[in-house]
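Trainee: Structure: upload.pdb, PDB, C-alpha atoms and all ligand atoms.
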```
ATOM      1  CA  MET A 161     -22.292 153.424 193.155
ATOM      2  CA  LEU A 162     -21.421 149.721 193.064
ATOM      3  CA  VAL A 163     -17.895 149.603 191.653
ATOM      4  CA  SER A 164     -14.872 147.349 191.369
ATOM      5  CA  ALA A 165     -12.384 147.840 194.216
ATOM      6  CA  LYS A 166      -9.512 148.437 191.786
ATOM      7  CA  GLU A 167      -9.575 152.211 191.530
ATOM      8  CA  MET A 168     -10.248 152.846 195.230
ATOM      9  CA  LEU A 169      -7.376 150.550 196.232
ATOM     10  CA  ASN A 170      -4.893 151.996 193.763
ATOM     11  CA  LYS A 171      -5.759 155.466 195.084
ATOM     12  CA  ALA A 172      -5.382 154.245 198.679
ATOM     13  CA  ARG A 173      -1.980 152.722 197.928
ATOM     14  CA  ASP A 174      -0.797 155.964 196.296
ATOM     15  CA  GLY A 175      -2.277 158.116 199.075
ATOM     16  CA  LYS A 176      -0.920 155.889 201.886
ATOM     17  CA  TYR A 177      -4.251 155.065 203.482
ATOM     18  CA  ALA A 178      -6.404 151.927 203.507
ATOM     19  CA  VAL A 179      -9.994 151.189 202.555
ATOM     20  CA  GLY A 180     -11.936 149.166 205.116
ATOM     21  CA  GLN A 181     -13.691 145.947 204.218
ATOM     22  CA  PHE A 182     -16.543 145.493 206.667
ATOM     23  CA  ASN A 183     -18.347 142.165 206.561
ATOM     24  CA  ILE A 184     -22.134 142.229 206.391
ATOM     25  CA  ASN A 185     -24.579 139.796 207.977
ATOM     26  CA  ASN A 186     -28.006 141.378 207.639
ATOM     27  CA  LEU A 187     -29.904 144.461 206.538
ATOM     28  CA  GLU A 188     -29.168 146.592 209.617
ATOM     29  CA  TRP A 189     -25.448 145.857 209.396
ATOM     30  CA  THR A 190     -25.314 146.786 205.706
ATOM     31  CA  LYS A 191     -27.320 149.968 206.206
ATOM     32  CA  ALA A 192     -25.101 151.053 209.129
ATOM     33  CA  ILE A 193     -21.917 150.599 207.082
ATOM     34  CA  LEU A 194     -23.248 152.344 203.976
ATOM     35  CA  LEU A 195     -24.598 155.338 205.931
ATOM     36  CA  THR A 196     -21.308 155.712 207.814
ATOM     37  CA  ALA A 197     -19.283 155.566 204.597
ATOM     38  CA  GLU A 198     -21.481 158.309 203.156
ATOM     39  CA  GLU A 199     -21.197 160.456 206.306
ATOM     40  CA  CYS A 200     -17.406 159.994 206.319
ATOM     41  CA  LYS A 201     -17.140 160.512 202.546
ATOM     42  CA  SER A 202     -15.123 157.306 202.471
ATOM     43  CA  PRO A 203     -14.944 154.546 199.879
ATOM     44  CA  VAL A 204     -16.022 151.216 201.369
ATOM     45  CA  ILE A 205     -15.941 147.483 200.674
ATOM     46  CA  LEU A 206     -18.798 145.279 201.881
ATOM     47  CA  GLY A 207     -17.478 141.765 202.558
ATOM     48  CA  VAL A 208     -19.728 138.712 202.275
ATOM     49  CA  SER A 209     -18.553 135.302 203.462
ATOM     50  CA  GLU A 210     -20.129 132.259 201.842
ATOM     51  CA  GLY A 211     -21.854 131.473 205.152
ATOM     52  CA  ALA A 212     -23.304 134.977 205.421
ATOM     53  CA  GLY A 213     -24.300 134.694 201.757
ATOM     54  CA  LYS A 214     -26.361 131.593 202.528
ATOM     55  CA  TYR A 215     -27.875 133.220 205.616
ATOM     56  CA  MET A 216     -29.007 136.238 203.595
ATOM     57  CA  CYS A 217     -30.830 133.946 201.103
ATOM     58  CA  GLY A 218     -28.138 133.826 198.411
ATOM     59  CA  TYR A 219     -25.921 136.128 196.391
ATOM     60  CA  SER A 220     -28.547 137.696 194.136
ATOM     61  CA  THR A 221     -30.605 138.727 197.175
ATOM     62  CA  ILE A 222     -27.525 140.518 198.522
ATOM     63  CA  VAL A 223     -26.828 142.241 195.201
ATOM     64  CA  GLY A 224     -30.466 143.401 195.120
ATOM     65  CA  MET A 225     -30.352 144.610 198.726
ATOM     66  CA  VAL A 226     -27.092 146.533 198.318
ATOM     67  CA  LYS A 227     -28.054 148.111 194.999
ATOM     68  CA  GLY A 228     -31.430 149.074 196.453
ATOM     69  CA  MET A 229     -29.831 150.645 199.528
ATOM     70  CA  ILE A 230     -27.359 152.608 197.424
ATOM     71  CA  GLU A 231     -30.312 154.081 195.554
ATOM     72  CA  ASN A 232     -32.756 154.553 198.433
ATOM     73  CA  LEU A 233     -30.198 155.909 200.923
ATOM     74  CA  HIS A 234     -28.657 158.165 198.253
ATOM     75  CA  ILE A 235     -25.175 156.725 198.720
ATOM     76  CA  THR A 236     -22.717 158.564 196.462
ATOM     77  CA  VAL A 237     -19.374 157.160 197.710
ATOM     78  CA  PRO A 238     -17.798 154.213 195.830
ATOM     79  CA  VAL A 239     -19.019 150.860 197.220
ATOM     80  CA  ALA A 240     -17.540 147.482 196.274
ATOM     81  CA  LEU A 241     -19.539 144.335 197.014
ATOM     82  CA  HIS A 242     -16.913 141.678 197.656
ATOM     83  CA  LEU A 243     -16.948 137.922 198.237
ATOM     84  CA  ASP A 244     -14.754 137.172 201.274
ATOM     85  CA  HIS A 245     -12.640 133.959 201.263
ATOM     86  CA  GLY A 246     -14.500 132.513 198.301
ATOM     87  CA  THR A 247     -14.178 128.978 197.028
ATOM     88  CA  PHE A 248     -13.728 128.553 193.272
ATOM     89  CA  GLU A 249     -17.438 127.680 192.892
ATOM     90  CA  GLY A 250     -18.496 130.519 195.187
ATOM     91  CA  ALA A 251     -16.413 132.974 193.166
ATOM     92  CA  LYS A 252     -18.148 131.938 189.953
ATOM     93  CA  ALA A 253     -21.576 132.180 191.603
ATOM     94  CA  CYS A 254     -20.863 135.722 192.856
ATOM     95  CA  ILE A 255     -19.575 136.814 189.454
ATOM     96  CA  ASN A 256     -22.846 135.572 187.926
ATOM     97  CA  ALA A 257     -24.952 137.233 190.637
ATOM     98  CA  GLY A 258     -23.431 140.679 190.001
ATOM     99  CA  PHE A 259     -20.820 141.158 192.747
ATOM    100  CA  SER A 260     -18.308 143.868 191.823
ATOM    101  CA  SER A 261     -15.355 142.235 193.587
ATOM    102  CA  ILE A 262     -14.262 138.682 194.402
ATOM    103  CA  MET A 263     -11.789 137.028 196.697
ATOM    104  CA  PHE A 264     -10.690 133.577 195.661
ATOM    105  CA  ASP A 265      -8.909 131.992 198.611
ATOM    106  CA  GLY A 266      -6.713 129.239 197.259
ATOM    107  CA  SER A 267      -4.236 129.492 200.129
ATOM    108  CA  HIS A 268      -5.017 125.982 201.405
ATOM    109  CA  TYR A 269      -4.139 124.412 198.023
ATOM    110  CA  PRO A 270      -0.572 123.610 196.969
ATOM    111  CA  ILE A 271       0.799 126.769 195.301
ATOM    112  CA  GLU A 272       0.534 125.251 191.773
ATOM    113  CA  GLU A 273      -3.191 124.628 192.256
ATOM    114  CA  ASN A 274      -3.731 128.051 193.840
ATOM    115  CA  ILE A 275      -2.061 129.577 190.759
ATOM    116  CA  ALA A 276      -4.077 127.481 188.281
ATOM    117  CA  LYS A 277      -7.419 128.313 189.896
ATOM    118  CA  THR A 278      -6.586 132.011 190.409
ATOM    119  CA  THR A 279      -5.462 132.247 186.755
ATOM    120  CA  ALA A 280      -8.781 130.833 185.602
ATOM    121  CA  LEU A 281     -10.588 133.684 187.356
ATOM    122  CA  VAL A 282      -8.249 136.511 186.260
ATOM    123  CA  ASN A 283      -9.516 136.690 182.680
ATOM    124  CA  THR A 284     -13.219 136.514 183.561
ATOM    125  CA  CYS A 285     -12.844 139.250 186.169
ATOM    126  CA  ASP A 286     -10.821 141.402 183.756
ATOM    127  CA  VAL A 287     -13.414 141.159 181.008
ATOM    128  CA  LEU A 288     -16.251 141.997 183.419
ATOM    129  CA  GLY A 289     -14.377 144.776 185.249
ATOM    130  CA  ILE A 290     -14.531 142.926 188.573
ATOM    131  CA  SER A 291     -11.657 143.219 191.051
ATOM    132  CA  LEU A 292     -10.022 139.980 192.201
ATOM    133  CA  GLU A 293      -8.243 139.311 195.491
ATOM    134  CA  ALA A 294      -5.962 136.290 195.833
ATOM    135  CA  GLU A 295      -4.414 134.848 198.982
ATOM    136  CA  VAL A 296      -1.041 133.346 199.773
ATOM    137  CA  GLY A 297      -0.153 131.924 203.185
ATOM    138  CA  ALA A 298      -3.214 130.898 205.179
ATOM    139  CA  ILE A 299      -4.576 133.355 207.739
ATOM    140  CA  GLY A 300      -5.309 131.413 210.905
ATOM    141  CA  GLY A 301      -7.952 131.876 213.532
ATOM    142  CA  GLU A 302      -9.944 130.018 216.142
ATOM    143  CA  GLU A 303     -11.038 126.525 215.306
ATOM    144  CA  ASP A 304     -12.597 124.222 217.911
ATOM    145  CA  GLY A 305     -11.507 126.597 220.654
ATOM    146  CA  VAL A 306      -7.844 126.546 219.604
ATOM    147  CA  ILE A 307      -6.392 129.760 218.253
ATOM    148  CA  GLY A 308      -4.000 128.935 215.387
ATOM    149  CA  LYS A 309      -0.815 130.924 214.927
ATOM    150  CA  GLY A 310      -0.853 133.327 211.966
ATOM    151  CA  GLU A 311       1.255 132.053 209.065
ATOM    152  CA  CYS A 312       3.776 134.138 207.170
ATOM    153  CA  ALA A 313       3.516 133.934 203.388
ATOM    154  CA  ASP A 314       6.512 133.134 201.191
ATOM    155  CA  PRO A 315       7.398 136.408 199.377
ATOM    156  CA  LYS A 316       8.418 134.499 196.200
ATOM    157  CA  GLU A 317       5.021 132.775 196.094
ATOM    158  CA  CYS A 318       3.386 136.186 196.615
ATOM    159  CA  LYS A 319       5.190 137.454 193.521
ATOM    160  CA  MET A 320       4.078 134.423 191.495
ATOM    161  CA  VAL A 321       0.437 135.082 192.373
ATOM    162  CA  ALA A 322       0.657 138.890 192.045
ATOM    163  CA  ASP A 323       2.118 138.439 188.542
ATOM    164  CA  LEU A 324      -1.037 136.597 187.438
ATOM    165  CA  GLY A 325      -2.753 139.967 187.168
ATOM    166  CA  VAL A 326      -4.945 139.949 190.289
ATOM    167  CA  THR A 327      -6.096 143.316 191.670
ATOM    168  CA  MET A 328      -4.962 142.880 195.268
ATOM    169  CA  LEU A 329      -3.170 140.297 197.348
ATOM    170  CA  ALA A 330      -3.838 138.997 200.850
ATOM    171  CA  ALA A 331      -0.656 137.620 202.345
ATOM    172  CA  GLY A 332      -0.251 136.196 205.829
ATOM    173  CA  ILE A 333       2.079 138.253 208.033
ATOM    174  CA  GLY A 334       1.193 136.703 211.383
ATOM    175  CA  ASN A 335      -2.371 138.078 211.321
ATOM    176  CA  ILE A 336      -5.341 135.907 212.291
ATOM    177  CA  HIS A 337      -9.123 136.150 212.222
ATOM    178  CA  GLY A 338     -11.001 136.781 215.449
ATOM    179  CA  LYS A 339      -9.363 137.604 218.754
ATOM    180  CA  TYR A 340      -5.581 137.529 219.077
ATOM    181  CA  PRO A 341      -4.099 135.258 221.762
ATOM    182  CA  ALA A 342      -2.413 136.896 224.749
ATOM    183  CA  ASP A 343       1.008 135.648 223.601
ATOM    184  CA  TRP A 344       0.605 136.892 219.989
ATOM    185  CA  GLU A 345       3.933 138.059 218.608
ATOM    186  CA  GLY A 346       2.449 140.864 216.507
ATOM    187  CA  LEU A 347       2.552 141.450 212.753
ATOM    188  CA  SER A 348       5.741 140.437 210.970
ATOM    189  CA  PHE A 349       6.802 143.717 209.333
ATOM    190  CA  ASP A 350       9.930 142.013 208.116
ATOM    191  CA  THR A 351       7.762 139.635 206.048
ATOM    192  CA  LEU A 352       5.587 142.537 204.875
ATOM    193  CA  GLU A 353       8.633 144.451 203.650
ATOM    194  CA  LYS A 354       9.944 141.406 201.780
ATOM    195  CA  ILE A 355       6.534 140.816 200.168
ATOM    196  CA  LYS A 356       6.247 144.465 199.163
ATOM    197  CA  ALA A 357       9.724 144.348 197.586
ATOM    198  CA  GLU A 358       8.593 141.361 195.477
ATOM    199  CA  VAL A 359       5.131 142.509 194.430
ATOM    200  CA  GLY A 360       5.871 146.197 193.735
ATOM    201  CA  ASP A 361       2.682 148.222 193.218
ATOM    202  CA  MET A 362       0.191 145.509 194.086
ATOM    203  CA  PRO A 363      -2.172 146.747 196.847
ATOM    204  CA  LEU A 364      -1.850 144.420 199.851
ATOM    205  CA  VAL A 365      -4.726 143.241 202.036
ATOM    206  CA  LEU A 366      -4.585 142.779 205.804
ATOM    207  CA  HIS A 367      -7.133 140.279 207.114
ATOM    208  CA  GLY A 368      -7.987 139.874 210.786
ATOM    209  CA  GLY A 369      -8.320 143.628 211.419
ATOM    210  CA  THR A 370      -9.990 143.118 214.815
ATOM    211  CA  GLY A 371      -7.609 143.573 217.743
ATOM    212  CA  ILE A 372      -4.482 144.720 215.893
ATOM    213  CA  PRO A 373      -3.036 147.687 217.827
ATOM    214  CA  ASP A 374      -3.438 151.067 216.076
ATOM    215  CA  ASP A 375       0.306 151.638 215.694
ATOM    216  CA  MET A 376       0.706 148.305 213.883
ATOM    217  CA  ILE A 377      -2.214 149.175 211.583
ATOM    218  CA  LYS A 378      -0.567 152.492 210.703
ATOM    219  CA  LYS A 379       2.805 150.877 210.091
ATOM    220  CA  ALA A 380       1.227 148.202 207.872
ATOM    221  CA  ILE A 381      -0.441 150.941 205.795
ATOM    222  CA  SER A 382       2.865 152.790 205.450
ATOM    223  CA  LEU A 383       4.389 149.536 204.083
ATOM    224  CA  GLY A 384       1.802 148.941 201.338
ATOM    225  CA  VAL A 385      -1.397 147.644 202.953
ATOM    226  CA  ALA A 386      -4.318 149.324 201.153
ATOM    227  CA  LYS A 387      -7.278 147.208 202.332
ATOM    228  CA  ILE A 388      -8.045 146.096 205.884
ATOM    229  CA  ASN A 389     -10.769 143.583 206.751
ATOM    230  CA  VAL A 390     -12.862 143.945 209.903
ATOM    231  CA  ASN A 391     -15.567 141.532 210.972
ATOM    232  CA  THR A 392     -15.327 140.260 214.556
ATOM    233  CA  GLU A 393     -15.251 143.745 216.105
ATOM    234  CA  CYS A 394     -18.589 144.647 214.499
ATOM    235  CA  GLN A 395     -20.064 141.358 215.742
ATOM    236  CA  LEU A 396     -18.827 142.019 219.261
ATOM    237  CA  VAL A 397     -20.150 145.579 219.501
ATOM    238  CA  PHE A 398     -23.507 144.555 218.003
ATOM    239  CA  GLN A 399     -23.792 141.730 220.525
ATOM    240  CA  GLU A 400     -22.834 143.892 223.484
ATOM    241  CA  ALA A 401     -25.225 146.712 222.555
ATOM    242  CA  THR A 402     -28.104 144.260 222.105
ATOM    243  CA  ARG A 403     -27.320 142.445 225.366
ATOM    244  CA  LYS A 404     -27.292 145.712 227.282
ATOM    245  CA  TYR A 405     -30.578 146.807 225.756
ATOM    246  CA  ILE A 406     -32.283 143.539 226.684
ATOM    247  CA  GLU A 407     -30.852 143.593 230.208
ATOM    248  CA  GLU A 408     -32.174 147.081 230.741
ATOM    249  CA  GLY A 409     -35.555 145.706 229.637
ATOM    250  CA  LYS A 410     -36.516 148.858 227.783
ATOM    251  CA  ASP A 411     -39.669 148.712 225.681
ATOM    252  CA  LEU A 412     -39.688 144.951 225.626
ATOM    253  CA  GLN A 413     -42.528 144.086 228.007
ATOM    254  CA  GLY A 414     -45.551 142.769 226.253
ATOM    255  CA  LYS A 415     -44.811 144.436 222.973
ATOM    256  CA  GLY A 416     -43.356 141.525 221.038
ATOM    257  CA  PHE A 417     -40.329 141.634 218.806
ATOM    258  CA  ASP A 418     -39.739 144.959 217.084
ATOM    259  CA  PRO A 419     -36.454 144.953 215.129
ATOM    260  CA  ARG A 420     -36.628 148.735 214.835
ATOM    261  CA  LYS A 421     -36.170 148.934 218.622
ATOM    262  CA  LEU A 422     -34.205 145.810 219.505
ATOM    263  CA  LEU A 423     -31.606 146.182 216.761
ATOM    264  CA  ALA A 424     -31.222 149.972 216.996
ATOM    265  CA  PRO A 425     -28.442 149.956 219.647
ATOM    266  CA  GLY A 426     -26.426 147.407 217.638
ATOM    267  CA  PHE A 427     -26.936 149.485 214.504
ATOM    268  CA  GLU A 428     -25.562 152.583 216.263
ATOM    269  CA  ALA A 429     -22.667 150.575 217.717
ATOM    270  CA  ILE A 430     -21.628 149.356 214.254
ATOM    271  CA  LYS A 431     -21.834 152.896 212.899
ATOM    272  CA  ALA A 432     -19.492 154.124 215.650
ATOM    273  CA  THR A 433     -17.022 151.263 215.067
ATOM    274  CA  VAL A 434     -16.951 151.743 211.301
ATOM    275  CA  LYS A 435     -16.376 155.493 211.724
ATOM    276  CA  GLU A 436     -13.527 154.849 214.153
ATOM    277  CA  LYS A 437     -11.896 152.420 211.692
ATOM    278  CA  MET A 438     -12.287 154.776 208.727
ATOM    279  CA  GLU A 439     -10.560 157.498 210.750
ATOM    280  CA  LEU A 440      -7.767 155.111 211.767
ATOM    281  CA  PHE A 441      -7.294 153.800 208.224
ATOM    282  CA  GLY A 442      -7.226 157.378 206.852
ATOM    283  CA  SER A 443     -10.027 156.886 204.294
ATOM    284  CA  VAL A 444     -12.262 159.744 205.532
ATOM    285  CA  ASN A 445     -12.900 162.371 202.819
ATOM    286  CA  LYS A 446     -11.155 160.201 200.215
ATOM    287  CA  ALA A 447     -14.295 159.339 198.218
TER     288      ALA A 447
HETATM  289  P1  LIG A 501     -11.654 139.806 211.903
HETATM  290  O1  LIG A 501     -12.913 139.008 212.084
HETATM  291  O2  LIG A 501     -10.549 139.352 212.755
HETATM  292  O3  LIG A 501     -11.906 141.267 212.025
HETATM  293  O4  LIG A 501     -11.162 139.517 210.401
HETATM  294  C1  LIG A 501     -12.018 139.799 209.334
HETATM  295  C2  LIG A 501     -11.487 139.265 208.059
HETATM  296  O5  LIG A 501     -10.303 139.211 207.836
HETATM  297  C3  LIG A 501     -12.462 138.834 207.053
HETATM  298  O6  LIG A 501     -11.847 138.262 205.947
END
```
Mind turning the file's structure into structure tokens?
Ligand code: 13P

Mentor:
Amino acid sequence: MLVSAKEMLNKARDGKYAVGQFNINNLEWTKAILLTAEECKSPVILGVSEGAGKYMCGYSTIVGMVKGMIENLHITVPVALHLDHGTFEGAKACINAGFSSIMFDGSHYPIEENIAKTTALVNTCDVLGISLEAEVGAIGGEEDGVIGKGECADPKECKMVADLGVTMLAAGIGNIHGKYPADWEGLSFDTLEKIKAEVGDMPLVLHGGTGIPDDMIKKAISLGVAKINVNTECQLVFQEATRKYIEEGKDLQGKGFDPRKLLAPGFEAIKATVKEKMELFGSVNKA
């Protein structure tokens, strides 16, 4: 069922586990995540970046694909279809296309503008029953080969944004997208504790789930993180499985491109990664 992420995240917060957001890039990826969620009896959030949205033809194509898969694959666990790091315009487009969850990332605006834009989306999402994620304190990552340091959000600003009535809040605690640098200092649990003290019951979101050591993931969950985003790790395992398959040269001679063969190892690799994450996050059998 395509649902808002609100109920699954409130349950996760109360039950001290986290729901995984796995980003999707194509049909195989989406199918692998949905089938694994069903096998694990886990709620799941499918993340769509604006770039991936364009690649997959646009938001209504994605809504059609996901709804169709839920029906045709007999998926019974709760599934939220979520815009990842949306612009204000992108958020509105996804609301119109039928997404069940939206992230508006206003973290690069001055806090007043982030608040104004987030506020404008709160009412619309409320009326339509769509969950809304806001962000405070930019989450860094690699740009032009340079890996930026993860920022730590200001706990007072987190409270200001949480009080607007959003469903969940992404706050920088030293986490970054993509691979972590060798000299990474780790998550700032001190910041996380201060944010939690300010925002109370608000489910917190941890971006940059790839490469964070398991013990840090578990500690973050124990301190109020109820949603964890994973993207790069799925890309890496898909790439590696496909590379290996091509190198081994199986079934490729003279037969032309057959996605059912070439993409099968990547599909299986994503399934295994998603299962591993659901076990680590504690969401198995929580649907
Ligand atoms: P990673 O690519 O580091 O797993 O982060 C994913 C993410 O946070 C998407 O918003």

Trainee: Could you tell me which residues the PyMOL selection byres (((chain A and resi 204-210) around 7) and not hetatm) grabs in this file, written as a compact mmCIF listing (two decimals) with C-alpha atoms, in the frame of the given file?

Mentor:
```
# COMPACT_ATOMS: atom_id res chain seq x y z
CA VAL A 179 -9.99 151.19 202.56
CA GLY A 180 -11.94 149.17 205.12
CA GLN A 181 -13.69 145.95 204.22
CA PHE A 182 -16.54 145.49 206.67
CA ASN A 183 -18.35 142.16 206.56
CA ILE A 184 -22.13 142.23 206.39
CA ALA A 197 -19.28 155.57 204.60
CA SER A 202 -15.12 157.31 202.47
CA PRO A 203 -14.94 154.55 199.88
CA GLY A 211 -21.85 131.47 205.15
CA ALA A 212 -23.30 134.98 205.42
CA GLY A 213 -24.30 134.69 201.76
CA LYS A 214 -26.36 131.59 202.53
CA PRO A 238 -17.80 154.21 195.83
CA VAL A 239 -19.02 150.86 197.22
CA ALA A 240 -17.54 147.48 196.27
CA LEU A 241 -19.54 144.34 197.01
CA HIS A 242 -16.91 141.68 197.66
CA LEU A 243 -16.95 137.92 198.24
CA ASP A 244 -14.75 137.17 201.27
CA HIS A 245 -12.64 133.96 201.26
CA GLY A 246 -14.50 132.51 198.30
```

Trainee: Take every atom of segment 326-330 of chain A listed in the file, pad by 5 Å on each side, and give me the axis-aligned box centre and edge lengths in Å, one decimal, as AutoDock Vina command-line options.

Mentor:
```
--center_x -4.6 --center_y 141.2 --center_z 195.6 --size_x 12.9 --size_y 14.3 --size_z 20.6
```

Trainee: Contacts of Pro425 of chain A at 9 Å or less, counting all atoms listed in the file, minus same-chain residues fewer than 6 places along, as a list in words?

Mentor: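 The residues satisfying every condition are Phe398, Ala401, Thr402, Lys404 and Tyr405 of chain A.
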
Trainee: Could you take the residues named above and write them with C-alpha atoms, as a JSON list (two decimals), in the frame of the given file?

Mentor:
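Writing the result to again_21.json gives the following:
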```
[["chain", "number", "residue", "atom", "x", "y", "z"],
["A", 398, "PHE", "CA", -23.51, 144.56, 218.00],
["A", 401, "ALA", "CA", -25.22, 146.71, 222.56],
["A", 402, "THR", "CA", -28.10, 144.26, 222.10],
["A", 404, "LYS", "CA", -27.29, 145.71, 227.28],
["A", 405, "TYR", "CA", -30.58, 146.81, 225.76]]
```

Trainee: Ligand LIG 501 (chain A): which residues are within 7 Å, counting all atoms listed in the file? Reply as a list of chain:residue names.

Mentor: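 The residues near ligand LIG 501 (chain A) are A:Asn183, A:Asp244, A:His245, A:Ile336, A:His337, A:Gly338, A:Lys339, A:His367, A:Gly368, A:Gly369, A:Thr370, A:Asn389, A:Val390, A:Asn391, A:Thr392, A:Glu393.
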
Trainee: Which of these, A:Lys421, A:Lys356, A:Lys387, A:His234, has the shortest distance to Met438 of chain A once you count all atoms listed in the file?

Mentor: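 For Met438 of chain A, the nearest of the given residues is A:Lys387.
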
Trainee: Using only C-alpha atoms, which protein or nucleic acid residues come within 9 Å of Ser261 of chain A? Drop anything in the same chain fewer than 5 positions from it, and give the result as a PyMOL selection string.

Mentor: chain A and resi 163-166+205+240-243+254-255+285+289-293

Trainee: What would the selection look like, as a ChimeraX atom specification, if the PyMOL selection byres (((chain A and resi 334) around 9) and not hetatm) were run on the coordinates I just shared?

Mentor: /A:299-300,309-313,332-333,335-336,344-348,351

Trainee: A:Leu288, A:Val444, A:Val365, A:Val296: which is nearest Val237 of chain A, counting all atoms listed in the file?

Mentor: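 The closest residue to Val237 of chain A is A:Val444.
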
Trainee: Applying the PyMOL selection byres (((chain A and resi 268-283) around 10) and not hetatm) to the file I just gave you, which residues come out? Please list them as number ranges by chain.

Mentor: A: 247-248, 251-252, 255, 262-267, 284-299, 317-318, 320-327

Trainee: Could the residues in this selection be saved with C-alpha atoms as a tab-separated table (two decimals), in the coordinates of the input?

Mentor:
```
chain	number	residue	atom	x	y	z
A	247	THR	CA	-14.18	128.98	197.03
A	248	PHE	CA	-13.73	128.55	193.27
A	251	ALA	CA	-16.41	132.97	193.17
A	252	LYS	CA	-18.15	131.94	189.95
A	255	ILE	CA	-19.58	136.81	189.45
A	262	ILE	CA	-14.26	138.68	194.40
A	263	MET	CA	-11.79	137.03	196.70
A	264	PHE	CA	-10.69	133.58	195.66
A	265	ASP	CA	-8.91	131.99	198.61
A	266	GLY	CA	-6.71	129.24	197.26
A	267	SER	CA	-4.24	129.49	200.13
A	284	THR	CA	-13.22	136.51	183.56
A	285	CYS	CA	-12.84	139.25	186.17
A	286	ASP	CA	-10.82	141.40	183.76
A	287	VAL	CA	-13.41	141.16	181.01
A	288	LEU	CA	-16.25	142.00	183.42
A	289	GLY	CA	-14.38	144.78	185.25
A	290	ILE	CA	-14.53	142.93	188.57
A	291	SER	CA	-11.66	143.22	191.05
A	292	LEU	CA	-10.02	139.98	192.20
A	293	GLU	CA	-8.24	139.31	195.49
A	294	ALA	CA	-5.96	136.29	195.83
A	295	GLU	CA	-4.41	134.85	198.98
A	296	VAL	CA	-1.04	133.35	199.77
A	297	GLY	CA	-0.15	131.92	203.18
A	298	ALA	CA	-3.21	130.90	205.18
A	299	ILE	CA	-4.58	133.35	207.74
A	317	GLU	CA	5.02	132.78	196.09
A	318	CYS	CA	3.39	136.19	196.62
A	320	MET	CA	4.08	134.42	191.50
A	321	VAL	CA	0.44	135.08	192.37
A	322	ALA	CA	0.66	138.89	192.04
A	323	ASP	CA	2.12	138.44	188.54
A	324	LEU	CA	-1.04	136.60	187.44
A	325	GLY	CA	-2.75	139.97	187.17
A	326	VAL	CA	-4.94	139.95	190.29
A	327	THR	CA	-6.10	143.32	191.67
```

Trainee: Could you check which of A:Lys446, A:Lys379, A:Lys354, A:Lys319 is closest to Leu366 of chain A, using only C-alpha atoms?

Mentor: A:Lys379

Trainee: Would you compute the distance between atom CA of Ala380 of chain A and atom CA of Met168 of chain A? Give it in Å to one decimal.

Mentor: 17.7 Å

Trainee: At what distance in Å, to one decimal, does atom CA of Phe427 of chain A lie from atom CA of Val226 of chain A?

Mentor: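 About the pair atom CA of Val226 of chain A and atom CA of Phe427 of chain A: they are 16.5 Å apart.
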
Trainee: Have a look at atom CA of Thr190 of chain A and atom CA of Asp174 of chain A and let me know their distance in Å, one decimal.

Mentor: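 It comes out at 27.8 Å.
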
Trainee: My list of candidates is A:Gly384, A:Asn185, A:Leu329, A:Thr221. Which is closest to Glu353 of chain A when distances are computed with all atoms listed in the file?

Mentor: A:Gly384

Trainee: Ranking A:Asn445, A:Arg403, A:Gly224, A:Cys394 by minimum distance to Ala192 of chain A and counting all atoms listed in the file, which one comes first?

Mentor: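 With all atoms listed in the file as the atom set, the closest residue is A:Cys394.
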
Trainee: May I ask you to restore N, CA and C atoms in segment 263-272 of chain A and write the result as a PDB file, in the coordinates of the input?

Mentor:
```
ATOM      1  N   MET A 263     -13.028 137.608 196.179  1.00  0.00           N
ATOM      2  CA  MET A 263     -11.789 137.028 196.697  1.00  0.00           C
ATOM      3  C   MET A 263     -11.852 135.536 196.423  1.00  0.00           C
ATOM      4  N   PHE A 264     -10.839 135.028 195.750  1.00  0.00           N
ATOM      5  CA  PHE A 264     -10.690 133.577 195.661  1.00  0.00           C
ATOM      6  C   PHE A 264      -9.570 133.198 196.616  1.00  0.00           C
ATOM      7  N   ASP A 265      -9.906 132.398 197.621  1.00  0.00           N
ATOM      8  CA  ASP A 265      -8.909 131.992 198.611  1.00  0.00           C
ATOM      9  C   ASP A 265      -8.410 130.589 198.300  1.00  0.00           C
ATOM     10  N   GLY A 266      -7.301 130.536 197.590  1.00  0.00           N
ATOM     11  CA  GLY A 266      -6.713 129.239 197.259  1.00  0.00           C
ATOM     12  C   GLY A 266      -5.520 128.921 198.137  1.00  0.00           C
ATOM     13  N   SER A 267      -5.442 129.613 199.296  1.00  0.00           N
ATOM     14  CA  SER A 267      -4.236 129.492 200.129  1.00  0.00           C
ATOM     15  C   SER A 267      -4.055 128.092 200.724  1.00  0.00           C
ATOM     16  N   HIS A 268      -5.154 127.328 200.824  1.00  0.00           N
ATOM     17  CA  HIS A 268      -5.017 125.982 201.405  1.00  0.00           C
ATOM     18  C   HIS A 268      -4.636 124.943 200.351  1.00  0.00           C
ATOM     19  N   TYR A 269      -4.594 125.333 199.074  1.00  0.00           N
ATOM     20  CA  TYR A 269      -4.139 124.412 198.023  1.00  0.00           C
ATOM     21  C   TYR A 269      -2.619 124.492 197.904  1.00  0.00           C
ATOM     22  N   PRO A 270      -1.999 123.457 197.327  1.00  0.00           N
ATOM     23  CA  PRO A 270      -0.572 123.610 196.969  1.00  0.00           C
ATOM     24  C   PRO A 270      -0.458 124.820 196.031  1.00  0.00           C
ATOM     25  N   ILE A 271       0.663 125.509 196.047  1.00  0.00           N
ATOM     26  CA  ILE A 271       0.799 126.769 195.301  1.00  0.00           C
ATOM     27  C   ILE A 271       0.459 126.606 193.812  1.00  0.00           C
ATOM     28  N   GLU A 272       0.809 125.460 193.217  1.00  0.00           N
ATOM     29  CA  GLU A 272       0.534 125.251 191.773  1.00  0.00           C
ATOM     30  C   GLU A 272      -0.976 125.290 191.529  1.00  0.00           C
TER      31      GLU A 272
END
```
